[in-house]
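Undergrad: Mind having a look at this structure? Questions to follow.
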Amino acid sequence: MKALSGLSDTSKESGGTVSSTGTVIRSHAGGYLVYEPELDLNLLCQARGRLKKERVSIVTGDRVALDDVDPEKGSGVITSRLERENLLSRPLLANVDQVIIVQAIHQPDWNALVCDRYLVHFQLEVRDSLPVLCFNKSDLASEDDKKALRSIYEPLGYLVTIVSAATGEGLDRLADLLLSKKTVFAGPSGVGKSTLLNWLEPELRLKTGIMENDFGVGRHTTTSSELYRISERQLRQLGVDEDAVAWVADTPGFGLSEFKHPEPLDVVWQFPDLAKLAVDCKFSDCTHLVEQGCNVLANLDRIDPVRFENYTIMVKESQSEKSILRETSTKVESAVKTVGGRQGKAVHVPLLSGRYRSKAKNTVRQQLKRTADLADQDEDDDALDDDVIDDLNDDDLIEDDLSDDDLSDDLKDEQDIDVDDEET
Ligand SMILES: Nc1nc2c(ncn2[C@@H]2O[C@H](COP(=O)(O)OP(=O)(O)OP(=O)(O)O)[C@@H](O)[C@H]2O)c(=O)[nH]1
Ligand SMILES: [Mg+2]
Ligand SMILES: [Zn+2]
């Protein structure tokens with residue numbers, strides 16, 4: 001049997017306390033629930049103070065080193081987080097072995113674009129395992145429907161399972177896929193993810209049948225994630241004859257803005273059918289959308305037109321996402337000024353908003369006053385024309401006329417700017 005990835009490890013005695021490793025299966029305000037495989041127990045654990053101080057994030061799915069394990073009390077202390085293999089951003093979940101993208105064939109009707117969006121997103125999030133496609137509600141589908149779905153995705157290299165949580169069709173095969181793995185069930189709302197998980201392990205009693213409305217009310221409330229265990233007993237009932245457990249996570253559907261996009265020129269690598277043609281495209285910076293002489297465009301007759309349309313949509317989305325980012329970063333950049341040209345001494349300080357300009361004005365006034373005093377001119381602050389002050393407050397003048405260090409110190413003091421943060 002393949003070792004339970006991320007879940008197994010040995011325990012050892014050290015100085016009277018038991019040390020071991022485990023996997024976080026849930027976190028909450030008061031601590032973490034950690035599965036310890038040697039004891040086959042869930043332990044309620046706190047993170048050692050040092051980890052909190054160092055702000056080491058610990059999320060569901062993380063493997064952690066434990067100390068002070070007390071099987072009687074069911075408690076332990078997390079001393080460190082072990083290296084992560086991957087980290088899903090939504091929901092936050094570490095060390096995922098595979099993602100099963102669940103879609104309904106009908107109710108709601110399967111949608112090719114939505115399917116491709118989920119594929120691209122999870123290929124980016126879990127890079128070393130191809131998502132599995134699970135089409136649910138087969139009880140509502142015709143044989144032709146099922147054949148059509150297989151004929152689209154199997155030639156692309158995806159594993160396709162067709163199941164029904166209503167009749168149990170295909171669930172033994174689905175259970176086989178889960179053995180000794182941590183699997184995330186993802187997919188649109190209402191496709192039957194929770195119903196499937198309840199079928200696999202009735203003790204989960206996950207809520208089902210609550211359709212969220214178009215405005216997303218009731219969504220995004222899942223801020224923490226949880227790994228559920230499908231028991232050996234249950235797996236055996238589903239026809240699995242190995243000694244094994246499986247860990248699964250349920251997730252809510254995605255909003256459009258939550259899908260990850262690759263860079264525009266990298267979208268093609270997430271479409272295996274197009275990637276095969278793109279490797280032979282003679283252009284290195286080709287979007288494969290309009291370029292004369294592009295190898296993808298020359299072979300479009302070999303591509304499912306719907307897949308190409310979905311590809312086009314995603315490239316364009318990625319392009320506009322990129323241009324929005326560029327605009328935002330230009331705005332951020334123009335709000336930042338580099339002060340001090342000397343090598344290694346330049347600091348980035350924000351240009352002054354109105355609120356702070358008046359403070360800097362005072363700095364300028366003081367400088368001017370000092371200069372005026374030196375020149376022995378009897379001018380007080382009020383005699384300085386505000387327009388002149390505004391001109392002096394012009395950043396080029398500030399940079400040239402005032403000491404860089406003084407100015408940046410002033411600004412840092414006044415605005416509490418973290419110069420290091422500005423550079424990251
Ligand atoms: N006919 C049929 N209905 C199903 C099947 N699986 C689930 N359903 C129904 O589909 C509805 C939605 O199921 P859920 O399990 O709540 O869907 P979900 O994917 O978890 O949805 P969210 O939690 O909103 O993301 C429920 O009314 C289920 O009874 C199936 O295989 N066949
Ligand atoms: Mg659900
Ligand atoms: Zn091309």
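Note on naming: chains are A, B, ... as they come in the structure tokens, residues start from 1 per chain, ligands start from 1 in the order shown.
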For ligand 2, return the neighbouring residues as a PyMOL selection string (distance at most 7 Å; only C-alpha atoms and all ligand atoms).
TA: chain A and resi 189-190+192-194+207-208+250-252
Undergrad: Under the rule of at most 6 Å, produce a per-residue listing of chain A near ligand 3: chain, number, name, the closest pair of atoms, and the distance in Å, as JSON lines, using only C-alpha atoms and all ligand atoms.
TA:
```
{"residue": "A:Ala278", "atom": "CA", "partner": "ligand 3", "partner_atom_place_in_ligand_line": "1 (Zn)", "distance": 5.8}
{"residue": "A:Cys281", "atom": "CA", "partner": "ligand 3", "partner_atom_place_in_ligand_line": "1 (Zn)", "distance": 4.8}
{"residue": "A:Phe283", "atom": "CA", "partner": "ligand 3", "partner_atom_place_in_ligand_line": "1 (Zn)", "distance": 5.9}
{"residue": "A:Cys286", "atom": "CA", "partner": "ligand 3", "partner_atom_place_in_ligand_line": "1 (Zn)", "distance": 4.5}
{"residue": "A:Thr287", "atom": "CA", "partner": "ligand 3", "partner_atom_place_in_ligand_line": "1 (Zn)", "distance": 5.9}
{"residue": "A:His288", "atom": "CA", "partner": "ligand 3", "partner_atom_place_in_ligand_line": "1 (Zn)", "distance": 3.7}
{"residue": "A:Cys294", "atom": "CA", "partner": "ligand 3", "partner_atom_place_in_ligand_line": "1 (Zn)", "distance": 3.8}
{"residue": "A:Asn295", "atom": "CA", "partner": "ligand 3", "partner_atom_place_in_ligand_line": "1 (Zn)", "distance": 5.3}
{"residue": "A:Val296", "atom": "CA", "partner": "ligand 3", "partner_atom_place_in_ligand_line": "1 (Zn)", "distance": 5.4}
```
Undergrad: Output the neighbourhood of ligand 1 as a VMD selection string, that is, all protein and nucleic acid residues with some atom at most 9 Å from the ligand, counting only C-alpha atoms and all ligand atoms.
TA: chain A and resid 102 to 104 106 to 108 135 to 140 163 to 169 185 to 198 206 to 212 219 250 to 254
Undergrad: Only C-alpha atoms, please: the residues just picked out, written as an mmCIF file, in the first residue's frame.
TA:
```cif
data_model
loop_
_atom_site.group_PDB
_atom_site.id
_atom_site.type_symbol
_atom_site.label_atom_id
_atom_site.label_comp_id
_atom_site.auth_asym_id
_atom_site.auth_seq_id
_atom_site.Cartn_x
_atom_site.Cartn_y
_atom_site.Cartn_z
ATOM 1 C CA VAL A 102 -17.230 18.068 -9.907
ATOM 2 C CA GLN A 103 -19.806 19.244 -12.388
ATOM 3 C CA ALA A 104 -23.390 18.265 -12.957
ATOM 4 C CA HIS A 106 -27.732 18.570 -15.915
ATOM 5 C CA GLN A 107 -29.285 20.700 -13.187
ATOM 6 C CA PRO A 108 -27.278 22.853 -13.535
ATOM 7 C CA PHE A 135 -19.514 14.478 -13.891
ATOM 8 C CA ASN A 136 -22.350 14.001 -11.423
ATOM 9 C CA LYS A 137 -26.097 13.516 -11.764
ATOM 10 C CA SER A 138 -25.673 10.813 -14.395
ATOM 11 C CA ASP A 139 -29.198 9.707 -13.451
ATOM 12 C CA LEU A 140 -30.402 12.797 -15.310
ATOM 13 C CA VAL A 163 -21.265 9.290 -11.220
ATOM 14 C CA SER A 164 -24.610 9.773 -9.578
ATOM 15 C CA ALA A 165 -25.004 10.608 -5.934
ATOM 16 C CA ALA A 166 -28.665 9.745 -6.386
ATOM 17 C CA THR A 167 -28.213 6.168 -7.599
ATOM 18 C CA GLY A 168 -24.644 5.410 -6.506
ATOM 19 C CA GLU A 169 -23.469 4.845 -10.081
ATOM 20 C CA PHE A 185 -13.767 18.445 -4.200
ATOM 21 C CA ALA A 186 -14.259 21.645 -6.156
ATOM 22 C CA GLY A 187 -16.813 22.842 -8.675
ATOM 23 C CA PRO A 188 -19.783 25.113 -9.180
ATOM 24 C CA SER A 189 -22.558 25.454 -6.640
ATOM 25 C CA GLY A 190 -25.340 22.896 -6.771
ATOM 26 C CA VAL A 191 -23.486 20.211 -8.703
ATOM 27 C CA GLY A 192 -23.570 17.787 -5.787
ATOM 28 C CA LYS A 193 -20.128 17.985 -4.143
ATOM 29 C CA SER A 194 -21.470 17.746 -0.605
ATOM 30 C CA THR A 195 -24.032 15.100 -1.577
ATOM 31 C CA LEU A 196 -21.245 12.981 -3.073
ATOM 32 C CA LEU A 197 -19.132 13.346 0.047
ATOM 33 C CA ASN A 198 -22.068 12.351 2.230
ATOM 34 C CA LEU A 206 -22.568 17.933 5.200
ATOM 35 C CA LYS A 207 -25.279 20.428 4.383
ATOM 36 C CA THR A 208 -26.669 19.985 0.907
ATOM 37 C CA GLY A 209 -29.233 21.438 -1.409
ATOM 38 C CA ILE A 210 -28.773 25.042 -0.444
ATOM 39 C CA MET A 211 -28.553 26.867 -3.725
ATOM 40 C CA GLU A 212 -26.945 30.255 -3.405
ATOM 41 C CA ARG A 219 -21.173 32.561 -0.336
ATOM 42 C CA ASP A 250 -15.459 20.149 0.489
ATOM 43 C CA THR A 251 -15.328 23.643 -1.033
ATOM 44 C CA PRO A 252 -17.888 26.249 -2.089
ATOM 45 C CA GLY A 253 -18.301 27.299 -5.752
ATOM 46 C CA PHE A 254 -16.093 30.063 -7.160
#
```
Undergrad: Counting only C-alpha atoms, what is within 8 Å of Leu82 in chain A, bar same-chain residues fewer than 6 positions away, as a list of chain:residue names?
TA: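 The neighbour list is A:Asp62, A:Arg63, A:Val64, A:Ala65.
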Undergrad: Please provide as a PDB file with C-alpha atoms, in the first residue's frame all residues within 12 Å of Glu201 in chain A, with the sequence filter that same-chain residues fewer than 6 positions apart are discarded (counting only C-alpha atoms).
TA:
```
ATOM      1  CA  ALA A 165     -25.004  10.608  -5.934  1.00  0.00           C
ATOM      2  CA  LEU A 171     -19.048   5.786  -6.737  1.00  0.00           C
ATOM      3  CA  ALA A 175     -13.732   5.876  -3.918  1.00  0.00           C
ATOM      4  CA  SER A 194     -21.470  17.746  -0.605  1.00  0.00           C
ATOM      5  CA  THR A 195     -24.032  15.100  -1.577  1.00  0.00           C
ATOM      6  CA  TYR A 228     -12.707  14.927   6.501  1.00  0.00           C
ATOM      7  CA  ARG A 229     -11.781  11.325   6.829  1.00  0.00           C
ATOM      8  CA  ILE A 230     -13.503   8.592   4.904  1.00  0.00           C
ATOM      9  CA  SER A 231     -13.213   5.534   7.079  1.00  0.00           C
ATOM     10  CA  GLU A 232     -11.813   2.159   6.107  1.00  0.00           C
ATOM     11  CA  ARG A 233     -15.164   0.609   6.926  1.00  0.00           C
ATOM     12  CA  GLN A 234     -16.905   2.954   4.561  1.00  0.00           C
ATOM     13  CA  LEU A 235     -14.322   2.475   1.819  1.00  0.00           C
ATOM     14  CA  ARG A 236     -14.757  -1.288   2.141  1.00  0.00           C
ATOM     15  CA  GLN A 237     -18.495  -0.926   1.739  1.00  0.00           C
ATOM     16  CA  LEU A 238     -17.763   0.930  -1.460  1.00  0.00           C
ATOM     17  CA  VAL A 245      -8.200   5.822   4.551  1.00  0.00           C
ATOM     18  CA  ALA A 246      -8.919   8.847   2.436  1.00  0.00           C
ATOM     19  CA  TRP A 247      -9.019  12.522   3.303  1.00  0.00           C
ATOM     20  CA  VAL A 248     -11.338  14.876   1.490  1.00  0.00           C
TER      21      VAL A 248
END
```
Undergrad: Quick one: residues within 12 Å of Glu317 in chain A, only C-alpha atoms, excluding same-chain residues fewer than 2 positions away - as JSON, numbers by chain?
TA: {"A": [117, 256, 257, 259, 260, 261, 262, 263, 264, 265, 267, 310, 311, 312, 313, 314, 315, 319, 320, 321, 322, 323, 324]}
Undergrad: The selected residues should be written to file as a compact mmCIF listing (two decimals), in the first residue's frame (atoms: N, CA and C atoms).
TA:
```txt
# COMPACT_ATOMS: atom_id res chain seq x y z
N ARG A 117 -12.41 26.79 -16.99
CA ARG A 117 -11.92 27.73 -15.97
C ARG A 117 -11.42 26.96 -14.74
N LEU A 256 -16.50 34.48 -10.33
CA LEU A 256 -15.65 34.69 -11.52
C LEU A 256 -14.29 35.27 -11.19
N SER A 257 -14.31 36.23 -10.25
CA SER A 257 -13.06 36.94 -9.96
C SER A 257 -12.07 36.07 -9.19
N PHE A 259 -11.07 33.00 -10.02
CA PHE A 259 -10.28 32.09 -10.84
C PHE A 259 -8.92 32.72 -11.13
N LYS A 260 -7.89 31.87 -11.05
CA LYS A 260 -6.54 32.34 -11.37
C LYS A 260 -6.33 32.32 -12.87
N HIS A 261 -5.65 33.33 -13.37
CA HIS A 261 -5.25 33.33 -14.78
C HIS A 261 -3.74 33.27 -14.88
N PRO A 262 -3.22 32.51 -15.84
CA PRO A 262 -1.78 32.62 -16.10
C PRO A 262 -1.52 33.92 -16.85
N GLU A 263 -0.26 34.24 -17.09
CA GLU A 263 0.09 35.35 -17.98
C GLU A 263 -0.52 35.07 -19.35
N PRO A 264 -0.89 36.11 -20.11
CA PRO A 264 -1.56 35.88 -21.40
C PRO A 264 -0.85 34.85 -22.29
N LEU A 265 0.50 34.95 -22.36
CA LEU A 265 1.22 34.03 -23.26
C LEU A 265 1.36 32.62 -22.68
N VAL A 267 -1.31 31.05 -21.10
CA VAL A 267 -2.62 30.38 -21.02
C VAL A 267 -2.58 29.10 -21.85
N ASN A 310 -12.94 29.13 -25.61
CA ASN A 310 -12.66 29.30 -24.18
C ASN A 310 -11.24 29.80 -23.96
N TYR A 311 -10.32 29.28 -24.75
CA TYR A 311 -8.93 29.73 -24.69
C TYR A 311 -8.86 31.23 -24.98
N THR A 312 -9.56 31.63 -26.07
CA THR A 312 -9.56 33.05 -26.47
C THR A 312 -10.09 33.92 -25.33
N ILE A 313 -11.18 33.49 -24.73
CA ILE A 313 -11.77 34.27 -23.63
C ILE A 313 -10.76 34.42 -22.50
N MET A 314 -10.10 33.34 -22.17
CA MET A 314 -9.18 33.40 -21.03
C MET A 314 -7.93 34.22 -21.32
N VAL A 315 -7.44 34.18 -22.57
CA VAL A 315 -6.29 35.03 -22.91
C VAL A 315 -6.70 36.49 -22.77
N GLN A 319 -5.19 39.28 -20.39
CA GLN A 319 -4.62 40.54 -20.89
C GLN A 319 -5.22 41.73 -20.16
N SER A 320 -6.55 41.71 -19.97
CA SER A 320 -7.13 42.89 -19.34
C SER A 320 -6.79 42.93 -17.86
N GLU A 321 -6.67 41.76 -17.25
CA GLU A 321 -6.24 41.71 -15.85
C GLU A 321 -4.84 42.33 -15.73
N LYS A 322 -4.00 42.00 -16.70
CA LYS A 322 -2.63 42.50 -16.67
C LYS A 322 -2.59 44.01 -16.87
N SER A 323 -3.45 44.50 -17.79
CA SER A 323 -3.40 45.94 -18.03
C SER A 323 -3.99 46.71 -16.85
N ILE A 324 -4.96 46.11 -16.17
CA ILE A 324 -5.48 46.77 -14.96
C ILE A 324 -4.37 46.82 -13.91
```
Undergrad: For a quick check of understanding, using only C-alpha atoms, which of A:Val59, A:Leu66, A:Val77, A:Leu325 has the smallest distance to Asn95 in chain A?
TA: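 The closest residue to Asn95 in chain A is A:Val59.
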Undergrad: From the options A:Phe271, A:Thr328, A:Val96, A:Asn299, which residue's atoms come nearest to Pro155 in chain A, counting only C-alpha atoms?
TA: A:Phe271
Undergrad: Could you jot down the CA of Ile100 in chain A to CA of Val184 in chain A separation for me, Å, one decimal place?
TA: 6.1 Å
Undergrad: Can you list, as a PyMOL selection string, all residues belonging to range 82-171 of chain A that DSSP tags as alpha helix (DSSP H)?
TA: chain A and resi 112-125+143-153+171
Undergrad: List every residue of range 105-233 of chain A that DSSP, applied to the backbone, labels as strand (DSSP E), and write the result as a VMD selection string.
TA: chain A and resid 132 to 136 160 to 162 182 to 186 228 to 230
Undergrad: Kindly indicate which residue among A:Asp67, A:Asp285, A:Glu154, A:Asp172 lies nearest to Asp241 in chain A, using only C-alpha atoms for the distances.
TA: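 The shortest atom-to-atom distance to Asp241 in chain A comes from A:Asp172.
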Undergrad: Can you measure CA of Trp199 in chain A to CA of Ala249 in chain A for me? One decimal in Å is fine.
TA: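 Atom-to-atom, CA of Trp199 in chain A and CA of Ala249 in chain A are spaced 14.0 Å apart.
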Undergrad: Let me make sure I understand: among A:Ile303, A:Leu41, A:Val24, A:Ala47, which one has the smallest atom-to-atom distance to Thr60 in chain A if we use only C-alpha atoms?
TA: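 Under the stated criterion, the closest residue is A:Val24.
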Undergrad: Could you check how far CA of Ser57 in chain A sits from CA of Thr21 in chain A, in Å to one decimal?
TA: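 So the answer is 16.7 Å.
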Undergrad: Determine the nearest neighbour of Glu309 in chain A from the options A:Asp116, A:Glu36, A:Asp280, A:Asp128, counting only C-alpha atoms.
TA: A:Asp116
